[in-house]
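Let me begin by presenting the structure, written as structure tokens, before commenting on it.
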Amino acid sequence: MKKLYVKTYGCQMNAYDSAKMADLLAPLGYAASDRPEGADMVILNTCHIREKAAEKVYSELGRLKALKAQKAQGGGRMLLAVAGCVAQAEGEEILARAPVVDMVVGPQSYHRLPEMIARSAREAGRALETDFPALEKFDSLMPPASSGISAFLTVQEGCDKFCTFCVVPYTRGSEQSRPPEDILREARQLADKGAREIVLLGQNVNAYEAGGWSLAKLCDAIAAIEGILRIRYTTSHPRDMAQDLIAAHGSNPKLMPYLHLPVQSGSDAVLEAMNRQHGGDDYRRLIERIRDARPDIALTSDFIVGFPGESDADFDATLRLVRDIGYATAFSFKYSKRPGTPASTMRKQIPEDVKAARLDVLQKLLLKQQYDFDDSQIGKTVPVLFEKTARDHGQIMGRTPYLQPVHVHAGAALIGQVAEVKIAKRTANSLHGELAKQGVPA
């Protein structure tokens with residue numbers, strides 16, 4: 001049996017793709033390994049969103065070069081592939097800068113890995129595959145080999161929004177949705193293998209539309225699958241938050257009251273420069289409609305501080321929006337240039353010290369809101385879906401409907417089930433409680 005090591009960078013979509021690549025290569029005799037040493041194939045599944053993403057890949061390739069040489073000295077061969085968004089954006093340059101790489105495969109082409117491996121074996125050559133045949137990729141997906149309690153399922157890829165700070169439209173292509181029958185078949189397969197929660201993935205997942213099916217209709221159909229207890233989806237765009245999806249949060253009991261809806265800024269001027277095509281008040285009104293449908297919904301978001309041209313007043317508008325909305329948690333980052341994006345050439349780039357100071361202020365506010373939300377659960381009894389054993393002996397870990405991790409002293413037999421838990425306390429990153437009905441699922 002050959003060993004396969006996959007290192008995943010970035011988003012949940014990449015985690016899903018990594019699992020699918022492992023499934024795809026299993027029939028070729030590759031078994032997953034948790035370390036690159038001695039591996040017969042190493043795949044770096046890259047992400048282009050974070051700062052200096054490409055340089056981190058080259059740094060990792062430098063370390064792998066030595067391992068590949070060791071493998072060769074022992075008479076073996078390590079295939080080295082770069083996959084994902086950095087591969088898509090910089091494929092030719094990767095092959096030029098890193099001769100150690102055997103193949104480069106974009107996120108829409110990894111279904112061609114078996115063919116590329118065979119070609120590489122025949123020719124001992126180097127392969128580049130960075131086309132955008134998304135539906136062909138979906139057609140080639142292997143059935144899931146295994147599943148956790150919570151399983152990712154890609155329903156949509158690509159983006160047509162062209163936010164000025166983002167590379168996704170250039171690395172993942174335009175928006176394309178999978179046929180609903182394919183998604184439902186995979187969801188049933190995941191349920192059969194033990195998944196109790198399905199997390200639907202897409203760059204703009206709420207833009208899903210295929211054969212007259214919306215994301216709301218898809219969630220309703222998945223809810224009818226035996227064994228599926230919970231449904232989530234990520235990541236959404238405010239422009240694509242349709243009324244039927246909003247209504248589904250109130251009518252579909254398996255659709256969790258948790259929504260990640262990135263706004264990026266509270267300033268209309270900055271949002272316009274970002275090409276978000278919504279304003280701060282548009283977002284506020286949208287949140288009002290969502291809360292009308294599901295009053296207890298937990299909201300999360302993404303924020304970028306220090307976008308080119310952002311003034312003190314613009315930043316204050318972001319803080320004002322955060323206070324107006326009230327988030328359960330959120331992700332916040334300093335703006336950093338992405339080569340090839342319109343924002344990277346904008347004038348009035350913000351100094352690093354200003355960005356750092358603003359980020360510190362925003363993160364302190366967001367952390368306070370997170371702790372306030374977590375504290376609001378203390379004393380309540382909430383349904384928790386248990387996923388795995390916890391680090392401490394005798395504990396298991398699960399999540400509330402609001403995605404908060406909860407640790408409970410209980411037996412592993414509850415893993416995969418929902419049980420009522422009375423929340424007793426909050427620590428920095430999780431909640432702790434006890435079973436409300438000892439050993440009895442809710």
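Lettering and numbering for the structure tokens are positional, with chains as A, B, ... in the shown order, residues counted from 1 in each chain, and ligands counted from 1 in the shown order.
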Residues within 10 Å of A:Met241, only C-alpha atoms, excluding chain neighbours under 5 positions, as a ChimeraX atom specification = /A:205-207,215,236,246,261,286,290
Using only C-alpha atoms, I'd like a table of the residues in stretch 211-272 of chain A that come within 9 Å of stretch 387-410 of chain A; for each, show the closest atom pair and its distance in Å rounded to one decimal, ordered by chain and ascending number, as a tab-separated table.
residue	atom	partner	partner_atom	distance
A:Arg230	CA	A:Pro401	CA	8.4
A:Met256	CA	A:Pro401	CA	5.6
A:Pro257	CA	A:Tyr402	CA	6.2
A:Tyr258	CA	A:Tyr402	CA	5.3
A:Leu259	CA	A:Tyr402	CA	8.7
Which residue out of A:Ala356, A:Ala343, A:Pro36, A:Gly280 has the minimum interatomic distance to A:Leu319 when only C-alpha atoms are used?
->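 That would be A:Gly280, the residue with the smallest distance to A:Leu319.
You will find atom CA of A:Ile222 at 6.5 Å from atom CA of A:Leu184.
Residue neighbourhood of A:Pro179, excluding near-sequence residues (fewer than 5 positions): A:Leu135, A:Val155, A:Leu184, A:Glu209, A:Ala210, A:Gly211, A:Trp213, at 9 Å, using only C-alpha atoms.
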Just asking: which residues within stretch 168-383 of chain A are alpha helix (DSSP H) according to DSSP, as a PyMOL selection string?
-> chain A and resi 168-171+180-192+215-223+243-251+268-274+280-293+312-325+352-375
At what distance in Å, to one decimal, does atom CA of A:Asp374 lie from atom CA of A:Ala428?
-> 9.7 Å
Test item: residues at most 12 Å from A:Pro253, only C-alpha atoms, excluding those fewer than 5 positions along its chain, as a PDB file with N, CA and C atoms, in the first residue's frame:
ATOM      1  N   CYS A 219     -32.140  22.346   0.940  1.00  0.00           N
ATOM      2  CA  CYS A 219     -32.109  22.077   2.380  1.00  0.00           C
ATOM      3  C   CYS A 219     -33.341  21.274   2.812  1.00  0.00           C
ATOM      4  N   ASP A 220     -34.494  21.609   2.249  1.00  0.00           N
ATOM      5  CA  ASP A 220     -35.715  20.861   2.590  1.00  0.00           C
ATOM      6  C   ASP A 220     -35.595  19.402   2.167  1.00  0.00           C
ATOM      7  N   ILE A 222     -32.778  17.641   1.725  1.00  0.00           N
ATOM      8  CA  ILE A 222     -31.778  16.965   2.555  1.00  0.00           C
ATOM      9  C   ILE A 222     -32.358  16.657   3.929  1.00  0.00           C
ATOM     10  N   ALA A 223     -33.213  17.556   4.424  1.00  0.00           N
ATOM     11  CA  ALA A 223     -33.838  17.333   5.733  1.00  0.00           C
ATOM     12  C   ALA A 223     -34.679  16.062   5.753  1.00  0.00           C
ATOM     13  N   ALA A 224     -35.162  15.635   4.597  1.00  0.00           N
ATOM     14  CA  ALA A 224     -36.004  14.437   4.523  1.00  0.00           C
ATOM     15  C   ALA A 224     -35.197  13.147   4.486  1.00  0.00           C
ATOM     16  N   ILE A 228     -30.153  12.232   8.818  1.00  0.00           N
ATOM     17  CA  ILE A 228     -29.654  13.611   8.873  1.00  0.00           C
ATOM     18  C   ILE A 228     -30.429  14.375   9.937  1.00  0.00           C
ATOM     19  N   LEU A 229     -29.699  14.887  10.919  1.00  0.00           N
ATOM     20  CA  LEU A 229     -30.321  15.596  12.028  1.00  0.00           C
ATOM     21  C   LEU A 229     -30.166  17.112  11.920  1.00  0.00           C
ATOM     22  N   ARG A 230     -29.084  17.546  11.268  1.00  0.00           N
ATOM     23  CA  ARG A 230     -28.802  18.981  11.195  1.00  0.00           C
ATOM     24  C   ARG A 230     -28.247  19.350   9.823  1.00  0.00           C
ATOM     25  N   ILE A 231     -28.532  20.594   9.413  1.00  0.00           N
ATOM     26  CA  ILE A 231     -28.038  21.136   8.143  1.00  0.00           C
ATOM     27  C   ILE A 231     -27.477  22.528   8.399  1.00  0.00           C
ATOM     28  N   ARG A 232     -26.326  22.800   7.826  1.00  0.00           N
ATOM     29  CA  ARG A 232     -25.735  24.144   7.836  1.00  0.00           C
ATOM     30  C   ARG A 232     -25.249  24.459   6.423  1.00  0.00           C
ATOM     31  N   ALA A 247     -36.943  32.368   4.887  1.00  0.00           N
ATOM     32  CA  ALA A 247     -38.114  31.694   5.451  1.00  0.00           C
ATOM     33  C   ALA A 247     -37.775  30.286   5.929  1.00  0.00           C
ATOM     34  N   ALA A 248     -36.857  29.607   5.219  1.00  0.00           N
ATOM     35  CA  ALA A 248     -36.492  28.238   5.596  1.00  0.00           C
ATOM     36  C   ALA A 248     -35.895  28.170   6.991  1.00  0.00           C
ATOM     37  N   ARG A 294     -36.295  33.989  12.172  1.00  0.00           N
ATOM     38  CA  ARG A 294     -35.692  33.127  13.198  1.00  0.00           C
ATOM     39  C   ARG A 294     -35.052  34.016  14.264  1.00  0.00           C
ATOM     40  N   PRO A 401     -26.806  24.154  18.516  1.00  0.00           N
ATOM     41  CA  PRO A 401     -27.297  24.619  17.216  1.00  0.00           C
ATOM     42  C   PRO A 401     -26.557  25.857  16.706  1.00  0.00           C
TER      43      PRO A 401
END
Tell me, which residues of stretch 56-263 of chain A carry DSSP strand (DSSP E), written as an NGL selection string?
-> :A and (79-84 or 103-105 or 127-129 or 150-154 or 156-157 or 176-177 or 197-201 or 209-210 or 213-214 or 230-234 or 258-260)
Take the residues from that selection and put them in a file with C-alpha atoms, as a tab-separated table (two decimals), in the first residue's frame.
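File written: part15.tsv
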chain	number	residue	atom	x	y	z
A	79	LEU	CA	5.35	12.34	-6.34
A	80	LEU	CA	4.83	15.96	-5.35
A	81	ALA	CA	1.70	17.84	-6.44
A	82	VAL	CA	0.54	21.40	-5.81
A	83	ALA	CA	-3.24	21.72	-5.93
A	84	GLY	CA	-5.80	24.40	-5.10
A	103	MET	CA	2.31	18.14	-11.16
A	104	VAL	CA	0.16	21.23	-10.67
A	105	VAL	CA	-3.60	20.85	-10.56
A	127	ALA	CA	2.01	17.91	-15.68
A	128	LEU	CA	-0.03	21.11	-15.47
A	129	GLU	CA	-3.82	21.06	-15.33
A	150	SER	CA	-20.45	16.41	10.60
A	151	ALA	CA	-19.65	16.17	6.87
A	152	PHE	CA	-18.93	18.75	4.20
A	153	LEU	CA	-20.76	18.57	0.88
A	154	THR	CA	-19.94	20.95	-1.97
A	156	GLN	CA	-21.66	25.24	-5.65
A	157	GLU	CA	-18.30	26.56	-6.74
A	176	GLN	CA	-21.60	26.78	-11.13
A	177	SER	CA	-24.09	24.65	-9.21
A	197	GLU	CA	-24.95	16.85	10.11
A	198	ILE	CA	-24.43	18.07	6.54
A	199	VAL	CA	-22.56	21.33	5.92
A	200	LEU	CA	-23.27	22.60	2.41
A	201	LEU	CA	-20.29	24.40	0.87
A	209	GLU	CA	-29.54	27.42	-8.50
A	210	ALA	CA	-29.89	24.30	-10.62
A	213	TRP	CA	-33.88	24.32	-7.30
A	214	SER	CA	-32.78	26.96	-4.79
A	230	ARG	CA	-28.80	18.98	11.19
A	231	ILE	CA	-28.04	21.14	8.14
A	232	ARG	CA	-25.73	24.14	7.84
A	233	TYR	CA	-24.33	26.08	4.89
A	234	THR	CA	-21.41	28.41	4.25
A	258	TYR	CA	-26.61	29.88	12.57
A	259	LEU	CA	-25.65	32.07	9.62
A	260	HIS	CA	-22.25	33.22	8.41
Minimum-distance residue to A:Tyr170, chosen among A:Ala298, A:Leu95, A:Ile183, A:Cys85 (using only C-alpha atoms) = A:Cys85
Nearest-residue call for A:Asp160, choices A:Thr329, A:Ser267, A:Gln203, A:Ser120, using only C-alpha atoms | A:Gln203
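Atom CA of A:Ala32 is found 20.6 Å from atom CA of A:Gln189.
Minimum atom-to-atom distances from A:Gln377, A:Arg119, A:Phe165, A:Asp281 to A:Ile304 were compared using only C-alpha atoms, and the lowest value belongs to A:Phe165.
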Between A:Arg35, A:Lys71, A:His249, A:His111, which is the closest to A:Asp17 once you count only C-alpha atoms?
->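 The answer is A:His111, which sits nearest to A:Asp17.
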Determine the nearest neighbour of A:Leu24 from the options A:Ala66, A:Ala221, A:Val168, A:Ile117, counting only C-alpha atoms.
->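 For A:Leu24, the nearest of the given residues is A:Ile117.
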Do a neighbour search on stretch 309-311 of chain A at 10 Å with only C-alpha atoms, toss out local chain neighbours closer than 4 positions, and write the hits as a list of chain:residue names.
->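 What passes the distance filter is A:Ser265, A:Ser267, A:Ala269, A:Val270, A:Ala273, A:Val305, A:Phe315, A:Asp316, A:Ala317, A:Met346, A:Arg347, A:Lys348, A:Gln349, A:Ile350, A:Lys355.
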Would you export the selected residues with N, CA and C atoms as an mmCIF file, in the first residue's frame, please?
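Generated output (part.cif):
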data_model
loop_
_atom_site.group_PDB
_atom_site.id
_atom_site.type_symbol
_atom_site.label_atom_id
_atom_site.label_comp_id
_atom_site.auth_asym_id
_atom_site.auth_seq_id
_atom_site.Cartn_x
_atom_site.Cartn_y
_atom_site.Cartn_z
ATOM 1 N N SER A 265 -17.315 45.407 5.808
ATOM 2 C CA SER A 265 -17.141 46.774 6.311
ATOM 3 C C SER A 265 -18.512 47.360 6.615
ATOM 4 N N SER A 267 -18.847 50.737 6.278
ATOM 5 C CA SER A 267 -18.796 52.015 5.567
ATOM 6 C C SER A 267 -19.298 51.865 4.139
ATOM 7 N N ALA A 269 -18.791 53.905 1.709
ATOM 8 C CA ALA A 269 -17.718 54.274 0.779
ATOM 9 C C ALA A 269 -16.763 53.100 0.564
ATOM 10 N N VAL A 270 -16.411 52.409 1.637
ATOM 11 C CA VAL A 270 -15.516 51.262 1.514
ATOM 12 C C VAL A 270 -16.217 50.107 0.806
ATOM 13 N N ALA A 273 -16.091 50.747 -2.809
ATOM 14 C CA ALA A 273 -14.751 50.506 -3.344
ATOM 15 C C ALA A 273 -14.449 49.014 -3.427
ATOM 16 N N VAL A 305 -10.184 45.227 7.728
ATOM 17 C CA VAL A 305 -9.860 46.588 8.164
ATOM 18 C C VAL A 305 -8.653 47.088 7.377
ATOM 19 N N PHE A 315 -13.862 53.496 9.452
ATOM 20 C CA PHE A 315 -13.659 52.465 10.466
ATOM 21 C C PHE A 315 -14.685 52.593 11.593
ATOM 22 N N ASP A 316 -14.988 53.822 11.982
ATOM 23 C CA ASP A 316 -16.018 54.031 13.005
ATOM 24 C C ASP A 316 -17.366 53.473 12.538
ATOM 25 N N ALA A 317 -17.638 53.579 11.231
ATOM 26 C CA ALA A 317 -18.895 53.042 10.694
ATOM 27 C C ALA A 317 -18.930 51.517 10.828
ATOM 28 N N MET A 346 -4.884 50.159 -5.985
ATOM 29 C CA MET A 346 -5.556 51.377 -5.531
ATOM 30 C C MET A 346 -4.590 52.283 -4.778
ATOM 31 N N ARG A 347 -4.805 53.562 -4.927
ATOM 32 C CA ARG A 347 -4.026 54.517 -4.155
ATOM 33 C C ARG A 347 -4.523 54.532 -2.707
ATOM 34 N N LYS A 348 -3.819 55.259 -1.889
ATOM 35 C CA LYS A 348 -4.176 55.410 -0.469
ATOM 36 C C LYS A 348 -4.169 54.067 0.262
ATOM 37 N N GLN A 349 -3.113 53.291 0.028
ATOM 38 C CA GLN A 349 -2.919 52.093 0.834
ATOM 39 C C GLN A 349 -2.673 52.521 2.281
ATOM 40 N N ILE A 350 -3.249 51.809 3.215
ATOM 41 C CA ILE A 350 -3.212 52.206 4.622
ATOM 42 C C ILE A 350 -1.938 51.666 5.272
ATOM 43 N N LYS A 355 -3.469 49.860 10.302
ATOM 44 C CA LYS A 355 -4.289 48.651 10.154
ATOM 45 C C LYS A 355 -4.248 47.808 11.426
#
